[in-house]
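Printed here is upload-v1.txt (compact mmCIF, N, CA and C atoms):
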# COMPACT_ATOMS: atom_id res chain seq x y z
N MET A 11 2.61 7.58 4.54
CA MET A 11 1.43 7.28 3.76
C MET A 11 1.03 5.84 4.05
N LEU A 12 -0.27 5.64 4.11
CA LEU A 12 -0.80 4.27 4.18
C LEU A 12 -1.39 3.94 2.82
N LEU A 13 -0.89 2.89 2.22
CA LEU A 13 -1.43 2.37 0.97
C LEU A 13 -2.21 1.11 1.30
N LYS A 14 -3.50 1.14 1.02
CA LYS A 14 -4.35 -0.04 1.21
C LYS A 14 -4.60 -0.64 -0.16
N VAL A 15 -4.21 -1.89 -0.32
CA VAL A 15 -4.40 -2.60 -1.58
C VAL A 15 -5.42 -3.70 -1.33
N GLN A 16 -6.63 -3.51 -1.85
CA GLN A 16 -7.70 -4.48 -1.68
C GLN A 16 -7.81 -5.26 -2.99
N MET A 17 -7.46 -6.54 -2.93
CA MET A 17 -7.30 -7.36 -4.13
C MET A 17 -8.61 -8.02 -4.56
N ASP A 18 -8.85 -8.01 -5.86
CA ASP A 18 -9.96 -8.76 -6.43
C ASP A 18 -9.69 -10.25 -6.22
N THR A 19 -10.67 -10.98 -5.71
CA THR A 19 -10.46 -12.39 -5.37
C THR A 19 -10.12 -13.23 -6.60
N THR A 20 -10.88 -13.09 -7.67
CA THR A 20 -10.62 -13.90 -8.86
C THR A 20 -9.25 -13.60 -9.45
N ALA A 21 -8.94 -12.33 -9.58
CA ALA A 21 -7.65 -11.94 -10.17
C ALA A 21 -6.49 -12.34 -9.27
N SER A 22 -6.64 -12.20 -7.96
CA SER A 22 -5.55 -12.57 -7.06
C SER A 22 -5.40 -14.09 -6.97
N ASN A 23 -6.51 -14.84 -7.08
CA ASN A 23 -6.41 -16.30 -7.15
C ASN A 23 -5.57 -16.72 -8.35
N GLU A 24 -5.84 -16.12 -9.48
CA GLU A 24 -5.09 -16.44 -10.70
C GLU A 24 -3.62 -16.04 -10.54
N ALA A 25 -3.37 -14.89 -9.94
CA ALA A 25 -1.99 -14.44 -9.72
C ALA A 25 -1.24 -15.41 -8.80
N ILE A 26 -1.93 -15.95 -7.81
CA ILE A 26 -1.31 -16.94 -6.92
C ILE A 26 -0.97 -18.20 -7.70
N LYS A 27 -1.91 -18.69 -8.50
CA LYS A 27 -1.69 -19.90 -9.29
C LYS A 27 -0.49 -19.75 -10.22
N GLN A 28 -0.32 -18.54 -10.76
CA GLN A 28 0.78 -18.29 -11.70
C GLN A 28 2.07 -17.83 -11.01
N GLY A 29 2.03 -17.73 -9.70
CA GLY A 29 3.22 -17.29 -8.97
C GLY A 29 3.50 -15.81 -9.08
N LYS A 30 2.53 -15.04 -9.53
CA LYS A 30 2.75 -13.60 -9.76
C LYS A 30 2.44 -12.74 -8.54
N LEU A 31 1.60 -13.21 -7.63
CA LEU A 31 1.24 -12.37 -6.49
C LEU A 31 2.45 -12.10 -5.60
N LEU A 32 3.20 -13.14 -5.30
CA LEU A 32 4.40 -12.96 -4.48
C LEU A 32 5.40 -12.05 -5.18
N GLN A 33 5.57 -12.22 -6.48
CA GLN A 33 6.48 -11.36 -7.24
C GLN A 33 6.02 -9.91 -7.18
N LEU A 34 4.73 -9.69 -7.33
CA LEU A 34 4.17 -8.33 -7.29
C LEU A 34 4.43 -7.69 -5.94
N MET A 35 4.18 -8.42 -4.87
CA MET A 35 4.37 -7.87 -3.53
C MET A 35 5.86 -7.62 -3.24
N GLU A 36 6.71 -8.54 -3.65
CA GLU A 36 8.15 -8.35 -3.43
C GLU A 36 8.66 -7.14 -4.20
N SER A 37 8.18 -6.96 -5.41
CA SER A 37 8.56 -5.80 -6.22
C SER A 37 8.10 -4.50 -5.55
N ALA A 38 6.88 -4.50 -5.06
CA ALA A 38 6.35 -3.32 -4.37
C ALA A 38 7.17 -3.01 -3.12
N MET A 39 7.55 -4.04 -2.38
CA MET A 39 8.34 -3.83 -1.16
C MET A 39 9.71 -3.23 -1.51
N GLN A 40 10.31 -3.72 -2.59
CA GLN A 40 11.61 -3.18 -3.01
C GLN A 40 11.49 -1.72 -3.42
N GLU A 41 10.44 -1.39 -4.14
CA GLU A 41 10.27 -0.02 -4.63
C GLU A 41 9.88 0.94 -3.51
N LEU A 42 8.94 0.53 -2.67
CA LEU A 42 8.40 1.44 -1.65
C LEU A 42 9.25 1.51 -0.39
N LYS A 43 10.02 0.47 -0.11
CA LYS A 43 10.81 0.39 1.12
C LYS A 43 9.96 0.80 2.32
N PRO A 44 8.91 0.03 2.58
CA PRO A 44 7.95 0.42 3.63
C PRO A 44 8.54 0.36 5.04
N GLU A 45 7.97 1.22 5.88
CA GLU A 45 8.29 1.15 7.31
C GLU A 45 7.66 -0.10 7.91
N ALA A 46 6.49 -0.47 7.38
CA ALA A 46 5.79 -1.68 7.82
C ALA A 46 4.84 -2.11 6.72
N ALA A 47 4.54 -3.40 6.67
CA ALA A 47 3.56 -3.93 5.73
C ALA A 47 2.85 -5.09 6.40
N TYR A 48 1.52 -5.09 6.27
CA TYR A 48 0.70 -6.14 6.89
C TYR A 48 -0.28 -6.66 5.86
N PHE A 49 -0.57 -7.95 5.95
CA PHE A 49 -1.44 -8.61 4.99
C PHE A 49 -2.53 -9.33 5.76
N THR A 50 -3.79 -9.13 5.33
CA THR A 50 -4.92 -9.67 6.05
C THR A 50 -6.11 -9.79 5.12
N VAL A 51 -7.27 -10.02 5.68
CA VAL A 51 -8.54 -10.00 4.95
C VAL A 51 -9.34 -8.82 5.49
N ASP A 52 -9.86 -7.99 4.59
CA ASP A 52 -10.67 -6.85 4.97
C ASP A 52 -11.87 -6.79 4.04
N ASN A 53 -13.05 -6.72 4.61
CA ASN A 53 -14.29 -6.71 3.81
C ASN A 53 -14.34 -7.89 2.84
N GLY A 54 -13.84 -9.03 3.28
CA GLY A 54 -13.90 -10.24 2.47
C GLY A 54 -12.87 -10.33 1.36
N CYS A 55 -11.91 -9.43 1.33
CA CYS A 55 -10.90 -9.41 0.27
C CYS A 55 -9.50 -9.50 0.85
N ARG A 56 -8.61 -10.17 0.12
CA ARG A 56 -7.19 -10.12 0.48
C ARG A 56 -6.79 -8.64 0.46
N THR A 57 -6.09 -8.23 1.50
CA THR A 57 -5.76 -6.82 1.63
C THR A 57 -4.35 -6.65 2.18
N ALA A 58 -3.64 -5.68 1.62
CA ALA A 58 -2.32 -5.30 2.13
C ALA A 58 -2.42 -3.88 2.67
N PHE A 59 -1.81 -3.65 3.82
CA PHE A 59 -1.66 -2.32 4.39
C PHE A 59 -0.17 -2.03 4.40
N ILE A 60 0.24 -1.05 3.61
CA ILE A 60 1.66 -0.76 3.42
C ILE A 60 1.91 0.68 3.87
N PHE A 61 2.78 0.84 4.86
CA PHE A 61 3.12 2.16 5.39
C PHE A 61 4.48 2.56 4.82
N PHE A 62 4.53 3.68 4.11
CA PHE A 62 5.77 4.10 3.49
C PHE A 62 5.82 5.62 3.37
N ASP A 63 6.99 6.15 3.08
CA ASP A 63 7.17 7.59 2.91
C ASP A 63 6.94 7.93 1.45
N LEU A 64 5.89 8.69 1.18
CA LEU A 64 5.60 9.14 -0.18
C LEU A 64 6.10 10.57 -0.31
N ALA A 65 7.29 10.72 -0.87
CA ALA A 65 7.92 12.03 -0.98
C ALA A 65 7.34 12.86 -2.12
N ASP A 66 6.75 12.20 -3.11
CA ASP A 66 6.26 12.89 -4.30
C ASP A 66 4.95 12.25 -4.74
N THR A 67 3.86 13.00 -4.68
CA THR A 67 2.55 12.45 -5.02
C THR A 67 2.43 12.08 -6.50
N THR A 68 3.31 12.58 -7.33
CA THR A 68 3.25 12.21 -8.75
C THR A 68 3.63 10.74 -8.96
N LEU A 69 4.14 10.09 -7.93
CA LEU A 69 4.48 8.66 -8.03
C LEU A 69 3.26 7.76 -7.82
N MET A 70 2.14 8.32 -7.39
CA MET A 70 0.97 7.50 -7.09
C MET A 70 0.51 6.65 -8.28
N PRO A 71 0.43 7.18 -9.49
CA PRO A 71 0.02 6.32 -10.62
C PRO A 71 1.00 5.16 -10.86
N LYS A 72 2.30 5.44 -10.74
CA LYS A 72 3.30 4.39 -10.95
C LYS A 72 3.19 3.30 -9.89
N ILE A 73 2.93 3.70 -8.66
CA ILE A 73 2.78 2.75 -7.56
C ILE A 73 1.51 1.91 -7.74
N SER A 74 0.43 2.57 -8.12
CA SER A 74 -0.88 1.91 -8.22
C SER A 74 -1.02 0.97 -9.40
N GLN A 75 -0.46 1.34 -10.54
CA GLN A 75 -0.73 0.64 -11.79
C GLN A 75 -0.47 -0.86 -11.75
N PRO A 76 0.64 -1.34 -11.18
CA PRO A 76 0.83 -2.80 -11.15
C PRO A 76 -0.28 -3.53 -10.39
N PHE A 77 -0.77 -2.91 -9.32
CA PHE A 77 -1.86 -3.53 -8.56
C PHE A 77 -3.16 -3.55 -9.35
N PHE A 78 -3.42 -2.49 -10.09
CA PHE A 78 -4.61 -2.45 -10.95
C PHE A 78 -4.51 -3.52 -12.04
N MET A 79 -3.38 -3.56 -12.70
CA MET A 79 -3.20 -4.43 -13.86
C MET A 79 -3.13 -5.92 -13.49
N GLU A 80 -2.40 -6.23 -12.44
CA GLU A 80 -2.12 -7.64 -12.12
C GLU A 80 -3.21 -8.30 -11.29
N ILE A 81 -3.85 -7.54 -10.38
CA ILE A 81 -4.79 -8.19 -9.46
C ILE A 81 -6.11 -7.43 -9.33
N GLY A 82 -6.38 -6.52 -10.25
CA GLY A 82 -7.66 -5.81 -10.22
C GLY A 82 -7.96 -5.16 -8.88
N ALA A 83 -6.93 -4.60 -8.25
CA ALA A 83 -7.06 -4.09 -6.89
C ALA A 83 -7.79 -2.75 -6.83
N LYS A 84 -8.40 -2.53 -5.69
CA LYS A 84 -8.89 -1.20 -5.31
C LYS A 84 -7.78 -0.60 -4.45
N ILE A 85 -7.41 0.63 -4.76
CA ILE A 85 -6.29 1.29 -4.08
C ILE A 85 -6.81 2.47 -3.28
N HIS A 86 -6.32 2.60 -2.06
CA HIS A 86 -6.67 3.72 -1.20
C HIS A 86 -5.37 4.29 -0.62
N TYR A 87 -5.20 5.60 -0.72
CA TYR A 87 -4.08 6.28 -0.09
C TYR A 87 -4.62 7.09 1.07
N LEU A 88 -3.93 7.03 2.20
CA LEU A 88 -4.34 7.77 3.37
C LEU A 88 -3.10 8.34 4.05
N PRO A 89 -3.00 9.67 4.14
CA PRO A 89 -1.86 10.25 4.85
C PRO A 89 -1.91 9.85 6.32
N VAL A 90 -0.78 9.46 6.87
CA VAL A 90 -0.69 9.08 8.28
C VAL A 90 0.56 9.74 8.88
N MET A 91 0.58 9.81 10.21
CA MET A 91 1.73 10.39 10.92
C MET A 91 2.31 9.36 11.87
N ASN A 92 3.61 9.43 12.04
CA ASN A 92 4.25 8.65 13.10
C ASN A 92 4.29 9.54 14.35
N PRO A 93 4.71 9.01 15.49
CA PRO A 93 4.70 9.83 16.71
C PRO A 93 5.50 11.13 16.60
N GLU A 94 6.62 11.08 15.92
CA GLU A 94 7.42 12.30 15.73
C GLU A 94 6.65 13.35 14.92
N ASP A 95 5.99 12.92 13.86
CA ASP A 95 5.17 13.84 13.06
C ASP A 95 4.06 14.45 13.90
N LEU A 96 3.43 13.63 14.73
CA LEU A 96 2.34 14.10 15.58
C LEU A 96 2.85 15.17 16.54
N ARG A 97 3.99 14.92 17.19
CA ARG A 97 4.56 15.91 18.10
C ARG A 97 4.83 17.22 17.37
N LYS A 98 5.41 17.13 16.20
CA LYS A 98 5.72 18.33 15.42
C LYS A 98 4.44 19.07 15.03
N GLY A 99 3.42 18.33 14.59
CA GLY A 99 2.15 18.95 14.21
C GLY A 99 1.46 19.60 15.39
N LEU A 100 1.44 18.92 16.53
CA LEU A 100 0.78 19.49 17.71
C LEU A 100 1.54 20.69 18.26
N SER A 101 2.87 20.66 18.18
CA SER A 101 3.65 21.80 18.69
C SER A 101 3.40 23.04 17.83
N ALA A 102 3.02 22.85 16.58
CA ALA A 102 2.76 23.99 15.69
C ALA A 102 1.46 24.70 16.03
N ILE A 103 0.56 24.02 16.75
CA ILE A 103 -0.73 24.65 17.09
C ILE A 103 -0.83 25.04 18.56
N MET A 104 0.18 24.66 19.34
CA MET A 104 0.15 25.00 20.76
C MET A 104 0.68 26.42 20.97
N PRO A 105 0.03 27.15 21.89
CA PRO A 105 0.48 28.55 22.16
C PRO A 105 1.83 28.58 22.84
Encoded form using structure tokens:
Amino acid sequence: MLLKVQMDTTASNEAIKQGKLLQLMESAMQELKPEAAYFTVDNGCRTAFIFFDLADTTLMPKISQPFFMEIGAKIHYLPVMNPEDLRKGLSAIMP
């Protein structure tokens, strides 16, 4: 799964001043145990791209809520495949 966390500038500025943004991200990394995580600017907003294995979709509210509450984030989930998943998926459709 790709989790895109697009942070509200005002809320994330305040979280940085209070030392909460780093704590929030470290907590998310511990919980999600991502395969990869990248931080950048997208559409003028601080943005995190976090790739992790989402075994149970019922966890989405629990994962999202801290980002909503602490930094007013916009959250996007996008299913993604690694090369092994792609091979498996393509082999299922090949004659």
Every residue of region 35-98 of chain A that DSSP places in alpha helix (DSSP H), as a compact mmCIF listing (two decimals) with N, CA and C atoms, in the coordinates of the input:
# COMPACT_ATOMS: atom_id res chain seq x y z
N MET A 35 4.18 -8.42 -4.87
CA MET A 35 4.37 -7.87 -3.53
C MET A 35 5.86 -7.62 -3.24
N GLU A 36 6.71 -8.54 -3.65
CA GLU A 36 8.15 -8.35 -3.43
C GLU A 36 8.66 -7.14 -4.20
N SER A 37 8.18 -6.96 -5.41
CA SER A 37 8.56 -5.80 -6.22
C SER A 37 8.10 -4.50 -5.55
N ALA A 38 6.88 -4.50 -5.06
CA ALA A 38 6.35 -3.32 -4.37
C ALA A 38 7.17 -3.01 -3.12
N MET A 39 7.55 -4.04 -2.38
CA MET A 39 8.34 -3.83 -1.16
C MET A 39 9.71 -3.23 -1.51
N GLN A 40 10.31 -3.72 -2.59
CA GLN A 40 11.61 -3.18 -3.01
C GLN A 40 11.49 -1.72 -3.42
N GLU A 41 10.44 -1.39 -4.14
CA GLU A 41 10.27 -0.02 -4.63
C GLU A 41 9.88 0.94 -3.51
N LEU A 42 8.94 0.53 -2.67
CA LEU A 42 8.40 1.44 -1.65
C LEU A 42 9.25 1.51 -0.39
N MET A 70 2.14 8.32 -7.39
CA MET A 70 0.97 7.50 -7.09
C MET A 70 0.51 6.65 -8.28
N PRO A 71 0.43 7.18 -9.49
CA PRO A 71 0.02 6.32 -10.62
C PRO A 71 1.00 5.16 -10.86
N LYS A 72 2.30 5.44 -10.74
CA LYS A 72 3.30 4.39 -10.95
C LYS A 72 3.19 3.30 -9.89
N ILE A 73 2.93 3.70 -8.66
CA ILE A 73 2.78 2.75 -7.56
C ILE A 73 1.51 1.91 -7.74
N SER A 74 0.43 2.57 -8.12
CA SER A 74 -0.88 1.91 -8.22
C SER A 74 -1.02 0.97 -9.40
N GLN A 75 -0.46 1.34 -10.54
CA GLN A 75 -0.73 0.64 -11.79
C GLN A 75 -0.47 -0.86 -11.75
N PRO A 76 0.64 -1.34 -11.18
CA PRO A 76 0.83 -2.80 -11.15
C PRO A 76 -0.28 -3.53 -10.39
N PHE A 77 -0.77 -2.91 -9.32
CA PHE A 77 -1.86 -3.53 -8.56
C PHE A 77 -3.16 -3.55 -9.35
N PHE A 78 -3.42 -2.49 -10.09
CA PHE A 78 -4.61 -2.45 -10.95
C PHE A 78 -4.51 -3.52 -12.04
N MET A 79 -3.38 -3.56 -12.70
CA MET A 79 -3.20 -4.43 -13.86
C MET A 79 -3.13 -5.92 -13.49
N GLU A 80 -2.40 -6.23 -12.44
CA GLU A 80 -2.12 -7.64 -12.12
C GLU A 80 -3.21 -8.30 -11.29
N ILE A 81 -3.85 -7.54 -10.38
CA ILE A 81 -4.79 -8.19 -9.46
C ILE A 81 -6.11 -7.43 -9.33
N PRO A 93 4.71 9.01 15.49
CA PRO A 93 4.70 9.83 16.71
C PRO A 93 5.50 11.13 16.60
N GLU A 94 6.62 11.08 15.92
CA GLU A 94 7.42 12.30 15.73
C GLU A 94 6.65 13.35 14.92
N ASP A 95 5.99 12.92 13.86
CA ASP A 95 5.17 13.84 13.06
C ASP A 95 4.06 14.45 13.90
N LEU A 96 3.43 13.63 14.73
CA LEU A 96 2.34 14.10 15.58
C LEU A 96 2.85 15.17 16.54
N ARG A 97 3.99 14.92 17.19
CA ARG A 97 4.56 15.91 18.10
C ARG A 97 4.83 17.22 17.37
N LYS A 98 5.41 17.13 16.20
CA LYS A 98 5.72 18.33 15.42
C LYS A 98 4.44 19.07 15.03
Would you pick out the contacts of Met35 (chain A) at 12 Å or less, using only C-alpha atoms, so that residues sharing its chain but fewer than 2 positions from it are not included, and give the list as an NGL selection string? :A and (15 or 17 or 22 or 25-26 or 29-33 or 37-44 or 47-49 or 57-60 or 73 or 76-77 or 80-81)
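Within region 28-102 of chain A, residues classed as strand (DSSP E or B) by DSSP on backbone coordinates are Ala46, Ala47, Tyr48, Phe49, Thr50, Val51, Asp52, Cys55, Arg56, Thr57, Ala58, Phe59, Ile60, Phe61, Lys84, Ile85, His86, Tyr87 and Leu88 of chain A.
The two atoms in question, atom N of Ala21 (chain A) and atom C of Thr68 (chain A), are spaced 26.3 Å apart.
Shortest separation to Leu13 (chain A) among A:Phe61, A:Met104, A:Lys98, A:Thr67 occurs at residue A:Phe61, atoms counted being all atoms listed in the file.
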Pairwise distance, CA of Pro89 (chain A) with CA of Ala65 (chain A), equals 11.5 Å
Radius query 6.5 Å about (2.0, 5.7, 9.6), atoms used: only N, CA and C atoms, as a PyMOL selection string: chain A and resi 11-12+61-62+90-92
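With atom N of Met70 (chain A) on one side and CA of Lys84 (chain A) on the other, the separation reads 14.7 Å.
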Would you list the contacts of Arg56 (chain A) as a PyMOL selection string, taking every protein, DNA or RNA residue within 5 Å and counting only N, CA and C atoms, but skipping same-chain residues closer than 4 positions in sequence? chain A and resi 16-17+50-51
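With only C-alpha atoms as the atoms that count, the residue of A:Ser101, A:Leu96, A:Asp18, A:Leu88 with the shortest distance to Gly54 (chain A) is A:Asp18.
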Of A:Gln75, A:Arg97, A:Gly82, A:Ala102, the one nearest to Glu24 (chain A) when counting only C-alpha atoms is A:Gly82
Report, as AutoDock Vina command-line options, the centre and edge lengths in Å (one decimal) of the axis-aligned box enclosing every listed atom of region 38-41 of chain A, padded by 6 Å on each side.
--center_x 9.0 --center_y -1.8 --center_z -3.1 --size_x 17.3 --size_y 17.4 --size_z 15.9
